[in-house]
$ cat run.pdb   # PDB, C-alpha atoms, pLDDT in the B column
ATOM      1  CA  MET A  30      -7.744 -78.962  31.217  1.00 88.00           C
ATOM      2  CA  LEU A  31      -6.843 -80.855  34.405  1.00 96.00           C
ATOM      3  CA  GLU A  32      -9.336 -83.182  36.035  1.00 96.00           C
ATOM      4  CA  ILE A  33      -8.401 -85.100  39.162  1.00 96.00           C
ATOM      5  CA  LYS A  34     -10.960 -87.828  39.849  1.00 96.00           C
ATOM      6  CA  ASN A  35     -11.084 -89.591  43.226  1.00 96.00           C
ATOM      7  CA  LEU A  36      -7.291 -89.630  43.525  1.00 95.00           C
ATOM      8  CA  THR A  37      -5.922 -91.819  46.311  1.00 95.00           C
ATOM      9  CA  LYS A  38      -2.276 -92.425  47.120  1.00 95.00           C
ATOM     10  CA  ILE A  39      -1.286 -94.764  49.954  1.00 94.00           C
ATOM     11  CA  TYR A  40       2.333 -95.071  51.005  1.00 90.00           C
ATOM     12  CA  LYS A  41       3.951 -98.148  52.513  1.00 87.00           C
ATOM     13  CA  GLY A  42       2.788 -98.541  56.073  1.00 84.00           C
ATOM     14  CA  GLY A  43      -0.761 -97.521  55.170  1.00 87.00           C
ATOM     15  CA  LYS A  44      -0.434 -93.728  55.279  1.00 87.00           C
ATOM     16  CA  ARG A  45      -2.995 -92.089  52.990  1.00 90.00           C
ATOM     17  CA  ALA A  46      -1.089 -89.145  51.542  1.00 94.00           C
ATOM     18  CA  VAL A  47      -4.037 -88.258  49.287  1.00 94.00           C
ATOM     19  CA  ASP A  48      -7.538 -89.500  50.058  1.00 93.00           C
ATOM     20  CA  ASN A  49     -10.239 -89.555  47.365  1.00 94.00           C
ATOM     21  CA  LEU A  50      -9.376 -86.080  46.054  1.00 95.00           C
ATOM     22  CA  SER A  51     -11.285 -84.567  43.123  1.00 96.00           C
ATOM     23  CA  LEU A  52     -10.967 -81.151  41.498  1.00 94.00           C
ATOM     24  CA  THR A  53     -11.023 -79.559  38.046  1.00 96.00           C
ATOM     25  CA  VAL A  54      -8.771 -76.858  36.592  1.00 96.00           C
ATOM     26  CA  GLU A  55     -10.194 -75.211  33.478  1.00 95.00           C
ATOM     27  CA  LYS A  56      -8.651 -73.102  30.718  1.00 94.00           C
ATOM     28  CA  GLY A  57      -7.856 -69.631  31.998  1.00 94.00           C
ATOM     29  CA  ASP A  58      -7.728 -70.699  35.640  1.00 95.00           C
ATOM     30  CA  ILE A  59      -4.958 -69.656  37.991  1.00 95.00           C
ATOM     31  CA  PHE A  60      -5.624 -72.264  40.643  1.00 96.00           C
ATOM     32  CA  ALA A  61      -3.859 -72.270  44.032  1.00 95.00           C
ATOM     33  CA  PHE A  62      -3.406 -75.489  45.993  1.00 95.00           C
ATOM     34  CA  ILE A  63      -2.684 -74.809  49.646  1.00 93.00           C
ATOM     35  CA  GLY A  64      -2.160 -76.831  52.799  1.00 91.00           C
ATOM     36  CA  HIS A  65       0.248 -77.395  55.654  1.00 89.00           C
ATOM     37  CA  ASN A  66       3.513 -79.310  55.212  1.00 88.00           C
ATOM     38  CA  GLY A  67       2.722 -82.975  54.650  1.00 88.00           C
ATOM     39  CA  ALA A  68      -0.891 -82.288  53.671  1.00 89.00           C
ATOM     40  CA  GLY A  69      -0.510 -84.034  50.299  1.00 91.00           C
ATOM     41  CA  LYS A  70       0.177 -81.138  47.926  1.00 92.00           C
ATOM     42  CA  SER A  71       3.441 -82.375  46.426  1.00 92.00           C
ATOM     43  CA  THR A  72       2.141 -85.943  46.209  1.00 94.00           C
ATOM     44  CA  THR A  73      -0.874 -84.734  44.229  1.00 94.00           C
ATOM     45  CA  ILE A  74       1.280 -82.612  41.942  1.00 95.00           C
ATOM     46  CA  LYS A  75       3.775 -85.422  41.291  1.00 94.00           C
ATOM     47  CA  ALA A  76       0.888 -87.735  40.412  1.00 94.00           C
ATOM     48  CA  CYS A  77      -0.501 -85.118  37.996  1.00 95.00           C
ATOM     49  CA  VAL A  78       2.781 -84.803  36.101  1.00 94.00           C
ATOM     50  CA  GLY A  79       3.329 -88.565  35.911  1.00 92.00           C
ATOM     51  CA  ILE A  80       6.332 -88.996  38.173  1.00 92.00           C
ATOM     52  CA  MET A  81       4.456 -90.749  40.975  1.00 91.00           C
ATOM     53  CA  ASP A  82       2.026 -93.648  40.668  1.00 92.00           C
ATOM     54  CA  PHE A  83      -1.223 -93.715  42.634  1.00 93.00           C
ATOM     55  CA  ASN A  84      -3.493 -96.412  44.003  1.00 93.00           C
ATOM     56  CA  SER A  85      -6.883 -95.446  42.653  1.00 94.00           C
ATOM     57  CA  GLY A  86      -8.748 -92.773  40.746  1.00 95.00           C
ATOM     58  CA  ASP A  87      -7.572 -91.075  37.584  1.00 96.00           C
ATOM     59  CA  ILE A  88      -6.026 -87.839  36.372  1.00 97.00           C
ATOM     60  CA  LEU A  89      -6.994 -86.390  33.001  1.00 96.00           C
ATOM     61  CA  ILE A  90      -5.047 -83.755  31.116  1.00 95.00           C
ATOM     62  CA  ASP A  91      -6.861 -82.325  28.116  1.00 93.00           C
ATOM     63  CA  GLY A  92      -9.165 -85.344  28.368  1.00 92.00           C
ATOM     64  CA  HIS A  93      -6.344 -87.929  28.345  1.00 95.00           C
ATOM     65  CA  SER A  94      -5.437 -90.167  31.268  1.00 95.00           C
ATOM     66  CA  VAL A  95      -1.920 -89.779  32.675  1.00 94.00           C
ATOM     67  CA  LYS A  96      -1.863 -93.560  33.100  1.00 93.00           C
ATOM     68  CA  ALA A  97      -3.283 -94.571  29.737  1.00 93.00           C
ATOM     69  CA  ASP A  98      -1.640 -91.862  27.596  1.00 94.00           C
ATOM     70  CA  PRO A  99       1.374 -90.516  29.546  1.00 93.00           C
ATOM     71  CA  LEU A 100       3.375 -89.216  26.557  1.00 94.00           C
ATOM     72  CA  TYR A 101       0.512 -87.087  25.278  1.00 94.00           C
ATOM     73  CA  CYS A 102      -0.166 -85.721  28.757  1.00 94.00           C
ATOM     74  CA  LYS A 103       3.464 -84.790  29.321  1.00 94.00           C
ATOM     75  CA  SER A 104       3.604 -83.083  25.925  1.00 93.00           C
ATOM     76  CA  GLN A 105       0.804 -80.738  27.005  1.00 94.00           C
ATOM     77  CA  ILE A 106       2.204 -79.633  30.350  1.00 95.00           C
ATOM     78  CA  ALA A 107       5.129 -77.837  31.919  1.00 94.00           C
ATOM     79  CA  TYR A 108       6.238 -78.842  35.402  1.00 93.00           C
ATOM     80  CA  ILE A 109       8.218 -76.600  37.729  1.00 91.00           C
ATOM     81  CA  PRO A 110       9.275 -78.495  40.873  1.00 88.00           C
ATOM     82  CA  ASP A 111       9.926 -76.965  44.269  1.00 83.00           C
ATOM     83  CA  ASN A 112      13.654 -77.563  43.833  1.00 84.00           C
ATOM     84  CA  PRO A 113      15.037 -76.653  40.380  1.00 82.00           C
ATOM     85  CA  ASP A 114      17.324 -79.641  39.828  1.00 84.00           C
ATOM     86  CA  VAL A 115      18.768 -79.176  36.331  1.00 88.00           C
ATOM     87  CA  TYR A 116      21.767 -80.546  34.461  1.00 90.00           C
ATOM     88  CA  GLU A 117      24.648 -78.651  36.026  1.00 91.00           C
ATOM     89  CA  TYR A 118      27.138 -79.626  33.330  1.00 93.00           C
ATOM     90  CA  MET A 119      25.072 -77.748  30.740  1.00 96.00           C
ATOM     91  CA  THR A 120      25.114 -74.026  30.138  1.00 97.00           C
ATOM     92  CA  GLY A 121      21.845 -72.141  30.446  1.00 97.00           C
ATOM     93  CA  ILE A 122      21.364 -71.916  26.683  1.00 97.00           C
ATOM     94  CA  GLN A 123      22.162 -75.609  26.231  1.00 97.00           C
ATOM     95  CA  TYR A 124      19.472 -76.485  28.741  1.00 96.00           C
ATOM     96  CA  LEU A 125      16.881 -74.280  27.030  1.00 96.00           C
ATOM     97  CA  ASN A 126      17.727 -75.734  23.625  1.00 96.00           C
ATOM     98  CA  PHE A 127      17.480 -79.224  25.109  1.00 96.00           C
ATOM     99  CA  ILE A 128      13.971 -78.422  26.352  1.00 95.00           C
ATOM    100  CA  GLY A 129      13.147 -76.957  22.945  1.00 95.00           C
ATOM    101  CA  ASP A 130      14.311 -80.158  21.253  1.00 95.00           C
ATOM    102  CA  VAL A 131      12.331 -82.396  23.610  1.00 94.00           C
ATOM    103  CA  PHE A 132       9.124 -80.476  22.904  1.00 94.00           C
ATOM    104  CA  LYS A 133       9.959 -79.972  19.215  1.00 94.00           C
ATOM    105  CA  VAL A 134       9.793 -76.193  19.398  1.00 94.00           C
ATOM    106  CA  GLU A 135      10.401 -74.585  16.013  1.00 94.00           C
ATOM    107  CA  ILE A 136      13.798 -72.826  15.935  1.00 95.00           C
ATOM    108  CA  SER A 137      12.626 -69.296  15.167  1.00 94.00           C
ATOM    109  CA  GLN A 138       9.943 -69.455  17.895  1.00 93.00           C
ATOM    110  CA  ARG A 139      12.487 -70.861  20.307  1.00 94.00           C
ATOM    111  CA  ILE A 140      15.022 -68.113  19.648  1.00 96.00           C
ATOM    112  CA  ALA A 141      12.392 -65.383  20.005  1.00 96.00           C
ATOM    113  CA  LEU A 142      10.979 -66.723  23.275  1.00 95.00           C
ATOM    114  CA  ILE A 143      14.365 -67.430  24.842  1.00 96.00           C
ATOM    115  CA  ASP A 144      15.434 -63.888  23.981  1.00 96.00           C
ATOM    116  CA  LYS A 145      12.177 -62.430  25.347  1.00 95.00           C
ATOM    117  CA  TYR A 146      12.100 -64.267  28.667  1.00 96.00           C
ATOM    118  CA  SER A 147      15.833 -64.329  29.396  1.00 96.00           C
ATOM    119  CA  LYS A 148      15.885 -60.534  29.102  1.00 96.00           C
ATOM    120  CA  LEU A 149      12.687 -60.221  31.108  1.00 95.00           C
ATOM    121  CA  PHE A 150      14.190 -62.287  33.942  1.00 94.00           C
ATOM    122  CA  GLU A 151      17.585 -60.628  33.494  1.00 94.00           C
ATOM    123  CA  ILE A 152      19.643 -63.798  32.939  1.00 95.00           C
ATOM    124  CA  ASP A 153      20.354 -63.275  29.230  1.00 95.00           C
ATOM    125  CA  LYS A 154      23.998 -62.421  29.917  1.00 96.00           C
ATOM    126  CA  SER A 155      24.426 -65.620  31.946  1.00 96.00           C
ATOM    127  CA  LEU A 156      23.034 -68.128  29.450  1.00 97.00           C
ATOM    128  CA  GLY A 157      26.544 -69.030  28.274  1.00 96.00           C
ATOM    129  CA  ASP A 158      27.649 -69.879  31.823  1.00 97.00           C
ATOM    130  CA  PRO A 159      27.439 -73.387  33.298  1.00 96.00           C
ATOM    131  CA  ILE A 160      24.342 -73.990  35.386  1.00 96.00           C
ATOM    132  CA  SER A 161      26.614 -75.150  38.216  1.00 95.00           C
ATOM    133  CA  SER A 162      27.535 -71.472  38.685  1.00 96.00           C
ATOM    134  CA  TYR A 163      23.898 -70.342  38.975  1.00 95.00           C
ATOM    135  CA  SER A 164      22.277 -69.357  42.265  1.00 92.00           C
ATOM    136  CA  HIS A 165      19.016 -71.031  43.323  1.00 89.00           C
ATOM    137  CA  GLY A 166      17.053 -68.038  42.058  1.00 90.00           C
ATOM    138  CA  MET A 167      18.784 -68.093  38.666  1.00 92.00           C
ATOM    139  CA  ARG A 168      18.068 -71.811  38.300  1.00 93.00           C
ATOM    140  CA  GLN A 169      14.433 -71.172  39.149  1.00 91.00           C
ATOM    141  CA  LYS A 170      14.263 -68.476  36.471  1.00 93.00           C
ATOM    142  CA  LEU A 171      15.896 -70.834  33.948  1.00 95.00           C
ATOM    143  CA  VAL A 172      13.388 -73.600  34.664  1.00 93.00           C
ATOM    144  CA  ILE A 173      10.505 -71.130  34.325  1.00 93.00           C
ATOM    145  CA  ILE A 174      11.839 -69.951  30.951  1.00 94.00           C
ATOM    146  CA  GLY A 175      12.180 -73.579  29.853  1.00 94.00           C
ATOM    147  CA  ALA A 176       8.547 -74.120  30.792  1.00 93.00           C
ATOM    148  CA  LEU A 177       7.375 -71.102  28.813  1.00 93.00           C
ATOM    149  CA  ILE A 178       9.196 -71.653  25.522  1.00 92.00           C
ATOM    150  CA  HIS A 179       7.056 -74.612  24.434  1.00 91.00           C
ATOM    151  CA  LYS A 180       3.767 -72.864  25.271  1.00 88.00           C
ATOM    152  CA  PRO A 181       2.143 -75.624  27.348  1.00 91.00           C
ATOM    153  CA  LYS A 182      -1.619 -75.874  27.767  1.00 93.00           C
ATOM    154  CA  LEU A 183      -1.197 -76.533  31.476  1.00 96.00           C
ATOM    155  CA  MET A 184       1.518 -75.367  33.843  1.00 95.00           C
ATOM    156  CA  ILE A 185       1.891 -77.223  37.135  1.00 95.00           C
ATOM    157  CA  MET A 186       4.161 -75.682  39.761  1.00 92.00           C
ATOM    158  CA  ASP A 187       5.235 -76.654  43.263  1.00 91.00           C
ATOM    159  CA  GLU A 188       6.081 -73.565  45.331  1.00 89.00           C
ATOM    160  CA  PRO A 189       7.167 -71.474  42.294  1.00 87.00           C
ATOM    161  CA  PHE A 190       8.061 -68.327  44.258  1.00 86.00           C
ATOM    162  CA  VAL A 191      10.609 -69.962  46.563  1.00 82.00           C
ATOM    163  CA  GLY A 192      14.066 -68.498  45.920  1.00 78.00           C
ATOM    164  CA  LEU A 193      12.862 -65.681  43.686  1.00 85.00           C
ATOM    165  CA  ASP A 194      13.600 -62.059  44.525  1.00 88.00           C
ATOM    166  CA  PRO A 195      10.632 -59.627  44.698  1.00 90.00           C
ATOM    167  CA  LYS A 196      11.158 -58.357  41.143  1.00 92.00           C
ATOM    168  CA  ALA A 197      11.276 -61.863  39.682  1.00 90.00           C
ATOM    169  CA  SER A 198       8.176 -62.855  41.680  1.00 90.00           C
ATOM    170  CA  PHE A 199       6.343 -59.835  40.290  1.00 93.00           C
ATOM    171  CA  ILE A 200       7.349 -60.791  36.742  1.00 93.00           C
ATOM    172  CA  VAL A 201       6.256 -64.416  37.236  1.00 91.00           C
ATOM    173  CA  LYS A 202       2.830 -63.306  38.455  1.00 92.00           C
ATOM    174  CA  ASN A 203       2.380 -61.033  35.434  1.00 93.00           C
ATOM    175  CA  VAL A 204       3.493 -63.796  33.060  1.00 91.00           C
ATOM    176  CA  MET A 205       1.025 -66.184  34.712  1.00 92.00           C
ATOM    177  CA  ARG A 206      -1.817 -63.724  34.141  1.00 93.00           C
ATOM    178  CA  GLU A 207      -0.718 -63.154  30.549  1.00 92.00           C
ATOM    179  CA  MET A 208      -0.541 -66.873  29.741  1.00 89.00           C
ATOM    180  CA  CYS A 209      -3.945 -67.601  31.272  1.00 92.00           C
ATOM    181  CA  GLU A 210      -5.496 -64.772  29.285  1.00 92.00           C
ATOM    182  CA  GLN A 211      -4.270 -66.683  26.225  1.00 90.00           C
ATOM    183  CA  GLY A 212      -6.042 -69.870  27.346  1.00 90.00           C
ATOM    184  CA  MET A 213      -3.424 -71.640  29.469  1.00 92.00           C
ATOM    185  CA  ALA A 214      -4.339 -73.131  32.846  1.00 96.00           C
ATOM    186  CA  ILE A 215      -2.082 -72.935  35.913  1.00 96.00           C
ATOM    187  CA  PHE A 216      -2.214 -75.178  38.982  1.00 96.00           C
ATOM    188  CA  PHE A 217       0.309 -74.473  41.711  1.00 94.00           C
ATOM    189  CA  SER A 218       1.001 -75.049  45.375  1.00 93.00           C
ATOM    190  CA  THR A 219       2.083 -72.205  47.599  1.00 89.00           C
ATOM    191  CA  HIS A 220       2.468 -71.184  51.223  1.00 87.00           C
ATOM    192  CA  VAL A 221       2.263 -67.508  50.257  1.00 86.00           C
ATOM    193  CA  LEU A 222      -1.436 -67.045  50.973  1.00 90.00           C
ATOM    194  CA  GLU A 223      -1.508 -63.335  50.177  1.00 89.00           C
ATOM    195  CA  VAL A 224      -0.245 -64.068  46.658  1.00 88.00           C
ATOM    196  CA  ALA A 225      -2.789 -66.845  46.206  1.00 90.00           C
ATOM    197  CA  GLU A 226      -5.646 -64.592  47.296  1.00 92.00           C
ATOM    198  CA  LYS A 227      -4.690 -61.722  44.992  1.00 91.00           C
ATOM    199  CA  LEU A 228      -3.565 -63.773  41.985  1.00 92.00           C
ATOM    200  CA  CYS A 229      -5.857 -66.794  41.786  1.00 94.00           C
ATOM    201  CA  ASN A 230      -9.453 -67.049  40.656  1.00 94.00           C
ATOM    202  CA  LYS A 231      -9.779 -70.485  42.291  1.00 95.00           C
ATOM    203  CA  VAL A 232      -8.293 -72.154  45.340  1.00 95.00           C
ATOM    204  CA  ALA A 233      -8.312 -75.550  47.015  1.00 95.00           C
ATOM    205  CA  ILE A 234      -7.329 -76.328  50.607  1.00 94.00           C
ATOM    206  CA  ILE A 235      -6.055 -79.797  51.470  1.00 93.00           C
ATOM    207  CA  LYS A 236      -5.629 -81.190  54.983  1.00 92.00           C
ATOM    208  CA  ASP A 237      -4.252 -84.631  55.850  1.00 91.00           C
ATOM    209  CA  GLY A 238      -4.756 -85.785  52.276  1.00 92.00           C
ATOM    210  CA  LYS A 239      -8.392 -84.694  52.088  1.00 93.00           C
ATOM    211  CA  LEU A 240      -9.766 -81.766  50.141  1.00 93.00           C
ATOM    212  CA  ILE A 241     -11.682 -79.625  52.618  1.00 92.00           C
ATOM    213  CA  LYS A 242     -12.452 -76.515  50.534  1.00 91.00           C
ATOM    214  CA  VAL A 243     -12.440 -75.842  46.799  1.00 93.00           C
ATOM    215  CA  GLY A 244     -13.999 -73.182  44.613  1.00 93.00           C
ATOM    216  CA  TYR A 245     -13.767 -69.580  43.470  1.00 95.00           C
ATOM    217  CA  THR A 246     -11.427 -67.589  45.682  1.00 93.00           C
ATOM    218  CA  GLU A 247     -13.891 -64.779  46.371  1.00 93.00           C
ATOM    219  CA  GLU A 248     -16.547 -67.271  47.471  1.00 92.00           C
ATOM    220  CA  ILE A 249     -14.206 -69.178  49.774  1.00 92.00           C
ATOM    221  CA  VAL A 250     -12.716 -66.034  51.272  1.00 90.00           C
ATOM    222  CA  GLY A 251     -16.002 -64.168  51.730  1.00 88.00           C
ATOM    223  CA  ASN A 252     -15.503 -61.382  54.260  1.00 83.00           C
ATOM    224  CA  GLU A 253     -12.321 -62.923  55.670  1.00 89.00           C
ATOM    225  CA  SER A 254      -8.804 -63.214  54.287  1.00 89.00           C
ATOM    226  CA  LEU A 255      -7.529 -66.435  52.741  1.00 91.00           C
ATOM    227  CA  GLU A 256      -5.114 -66.672  55.658  1.00 89.00           C
ATOM    228  CA  GLU A 257      -7.989 -66.614  58.129  1.00 89.00           C
ATOM    229  CA  VAL A 258      -9.929 -69.214  56.138  1.00 88.00           C
ATOM    230  CA  PHE A 259      -6.867 -71.458  55.945  1.00 87.00           C
ATOM    231  CA  LEU A 260      -6.057 -71.135  59.638  1.00 87.00           C
ATOM    232  CA  ASP A 261      -9.666 -71.888  60.566  1.00 84.00           C
ATOM    233  CA  SER A 262      -9.603 -74.911  58.250  1.00 75.00           C
ATOM    234  CA  ALA A 263      -6.354 -76.090  59.791  1.00 63.00           C
ATOM    235  CA  GLU A 264      -7.781 -75.463  63.278  1.00 61.00           C
ATOM    236  CA  ILE A 265      -4.804 -73.284  64.113  1.00 51.00           C
ATOM    237  CA  SER A 266      -6.665 -70.087  64.959  1.00 44.00           C
ATOM    238  CA  SER A 267      -8.667 -71.913  67.643  1.00 46.00           C
ATOM    239  CA  LEU A 268      -5.431 -73.225  69.094  1.00 44.00           C
ATOM    240  CA  PHE A 269      -4.140 -69.684  69.545  1.00 47.00           C
ATOM    241  CA  SER A 270      -7.465 -68.600  71.017  1.00 48.00           C
ATOM    242  CA  LYS A 271      -7.264 -71.467  73.486  1.00 50.00           C
ATOM    243  CA  GLU A 272      -3.716 -70.565  74.468  1.00 49.00           C
ATOM    244  CA  GLY A 273      -4.755 -66.942  74.930  1.00 52.00           C
ATOM    245  CA  SER A 274      -7.681 -67.864  77.174  1.00 49.00           C
ATOM    246  CA  GLU A 275      -5.486 -70.167  79.238  1.00 52.00           C
ATOM    247  CA  GLY A 276      -3.010 -67.332  79.738  1.00 52.00           C
ATOM    248  CA  GLU A 277      -5.767 -65.075  81.029  1.00 49.00           C
ATOM    249  CA  GLU A 278      -6.804 -67.492  83.788  1.00 46.00           C
TER     250      GLU A 278
END

$ encode --input "run.pdb" --output "structure tokens"
Amino acid sequence: MLEIKNLTKIYKGGKRAVDNLSLTVEKGDIFAFIGHNGAGKSTTIKACVGIMDFNSGDILIDGHSVKADPLYCKSQIAYIPDNPDVYEYMTGIQYLNFIGDVFKVEISQRIALIDKYSKLFEIDKSLGDPISSYSHGMRQKLVIIGALIHKPKLMIMDEPFVGLDPKASFIVKNVMREMCEQGMAIFFSTHVLEVAEKLCNKVAIIKDGKLIKVGYTEEIVGNESLEEVFLDSAEISSLFSKEGSEGEE
């Protein structure tokens, strides 16, 4: 569903934000993308959804290149950014209908799904209010609903749990499982390693633009926790061990 092939992105000044990265997300995958701040997660995600150009490599969505066939690729995905910037002058229902129009969602399906998810996320009574009055969490819920109503083949999310209360986070995780059981694929970045370990069947760890681990979660984790694997990969656990030994001297 998503194939990243030798992706490289170099910023002005020569910084390699992403360096020859390759991975594949298949139908039914809930795929976590983890790394420290500045590791290259958001750059990779923005390249996948077509809002950032890249220097070399290619990205395929449902077999189509995001460079050669961008409109088709965008029609197959839903993108949830780390900051839910939406049109504040619209009401919630106007925004959802706008998304429905863009993706040509049939009216009866649109009404049914908006009703289902707005009640599930408990913002149905606020859909008539201007988005400018929404909290960060409400905006995040609105963007998630907008992503779900056109039934994308691939959902790409950048830190989707930021700003959500525990109940909403629980609902999002259940919806993610439900959608993937129906054949969707999900690729998302997160710093919440416990969620990634419990929710995802696959995981990739990126460090300084390079992919250092990728595969099935249970194989990568082994007898450790994902947190321990990540900290070892980031060479943080050894730093603490060093500090501890220095303190003992």

$ axis_aligned_box --input "run.pdb" --around "range 178-184 of chain A" --padding-each-side "5 Å" --output "JSON"
{"center_x": 3.8, "center_y": -74.1, "center_z": 29.1, "size_x": 20.8, "size_y": 14.9, "size_z": 19.4}

$ resolve_selection --input "run.pdb" --expression "the PyMOL selection byres ((chain A and resi 188) around 8)" --output "JSON, numbers by chain"
{"A": [110, 111, 186, 187, 189, 190, 191, 217, 218, 219, 220]}

$ write_last_selection --input "run.pdb" --atoms "C-alpha atoms" --output "PDB file, in the coordinates of the input"
ATOM      1  CA  PRO A 110       9.275 -78.495  40.873  1.00 88.00           C
ATOM      2  CA  ASP A 111       9.926 -76.965  44.269  1.00 83.00           C
ATOM      3  CA  MET A 186       4.161 -75.682  39.761  1.00 92.00           C
ATOM      4  CA  ASP A 187       5.235 -76.654  43.263  1.00 91.00           C
ATOM      5  CA  PRO A 189       7.167 -71.474  42.294  1.00 87.00           C
ATOM      6  CA  PHE A 190       8.061 -68.327  44.258  1.00 86.00           C
ATOM      7  CA  VAL A 191      10.609 -69.962  46.563  1.00 82.00           C
ATOM      8  CA  PHE A 217       0.309 -74.473  41.711  1.00 94.00           C
ATOM      9  CA  SER A 218       1.001 -75.049  45.375  1.00 93.00           C
ATOM     10  CA  THR A 219       2.083 -72.205  47.599  1.00 89.00           C
ATOM     11  CA  HIS A 220       2.468 -71.184  51.223  1.00 87.00           C
TER      12      HIS A 220
END

$ closest_atom_pairs --input "run.pdb" --of "range 220-255 of chain A" --to "range 72-78 of chain A" --cutoff "12 Å" --atoms "all atoms listed in the file" --output "tab-separated table"
residue	atom	partner	partner_atom	distance
A:Ile235	CA	A:Thr73	CA	10.2
A:Asp237	CA	A:Thr72	CA	11.6
A:Gly238	CA	A:Thr73	CA	9.0
A:Lys239	CA	A:Thr73	CA	10.9
A:Leu240	CA	A:Thr73	CA	11.1

$ closest_residue --input "run.pdb" --among "A:Met167, A:Ala46, A:Val134, A:Val115" --to "Ser71 in chain A" --atoms "all atoms listed in the file"
A:Ala46

$ closest_residue --input "run.pdb" --among "A:Cys229, A:Ile39, A:Val258, A:Leu156" --to "Phe216 in chain A" --atoms "all atoms listed in the file"
A:Cys229

$ atom_distance --input "run.pdb" --atom1 "CA of Tyr163 in chain A" --atom2 "CA of Gly129 in chain A"
20.4 Å

$ closest_residue --input "run.pdb" --among "A:Gln211, A:Gln123, A:Ser104, A:Thr246" --to "Phe259 in chain A" --atoms "only C-alpha atoms"
A:Thr246

$ resolve_selection --input "run.pdb" --expression "the PyMOL selection byres ((chain A and resi 193) around 10)" --output "PyMOL selection string"
chain A and resi 165-170+189-192+194-199+201

$ resolve_selection --input "run.pdb" --expression "the PyMOL selection byres ((chain A and resi 89-103) around 9)" --output "number ranges by chain"
A: 30-34, 76-79, 82, 87-88, 104-108, 182-183

$ atom_distance --input "run.pdb" --atom1 "CA of Ser162 in chain A" --atom2 "CA of Ile128 in chain A"
19.6 Å

$ closest_residue --input "run.pdb" --among "A:Ile140, A:Leu36, A:Ile122, A:Leu177" --to "Lys154 in chain A" --atoms "all atoms listed in the file"
A:Ile122

$ closest_residue --input "run.pdb" --among "A:Arg139, A:Met208, A:Asn66, A:Lys202" --to "Val224 in chain A" --atoms "all atoms listed in the file"
A:Lys202

$ closest_residue --input "run.pdb" --among "A:Ser155, A:Lys133, A:Arg206, A:Ile215" --to "Ile178 in chain A" --atoms "all atoms listed in the file"
A:Lys133

$ atom_distance --input "run.pdb" --atom1 "CA of Tyr146 in chain A" --atom2 "CA of Ile185 in chain A"
18.5 Å

$ residues_around --input "run.pdb" --residues "Val243 in chain A" --least-positions-apart "3" --cutoff "7 Å" --atoms "all atoms listed in the file" --output "MDAnalysis selection string"
chainID A and resid 232:234
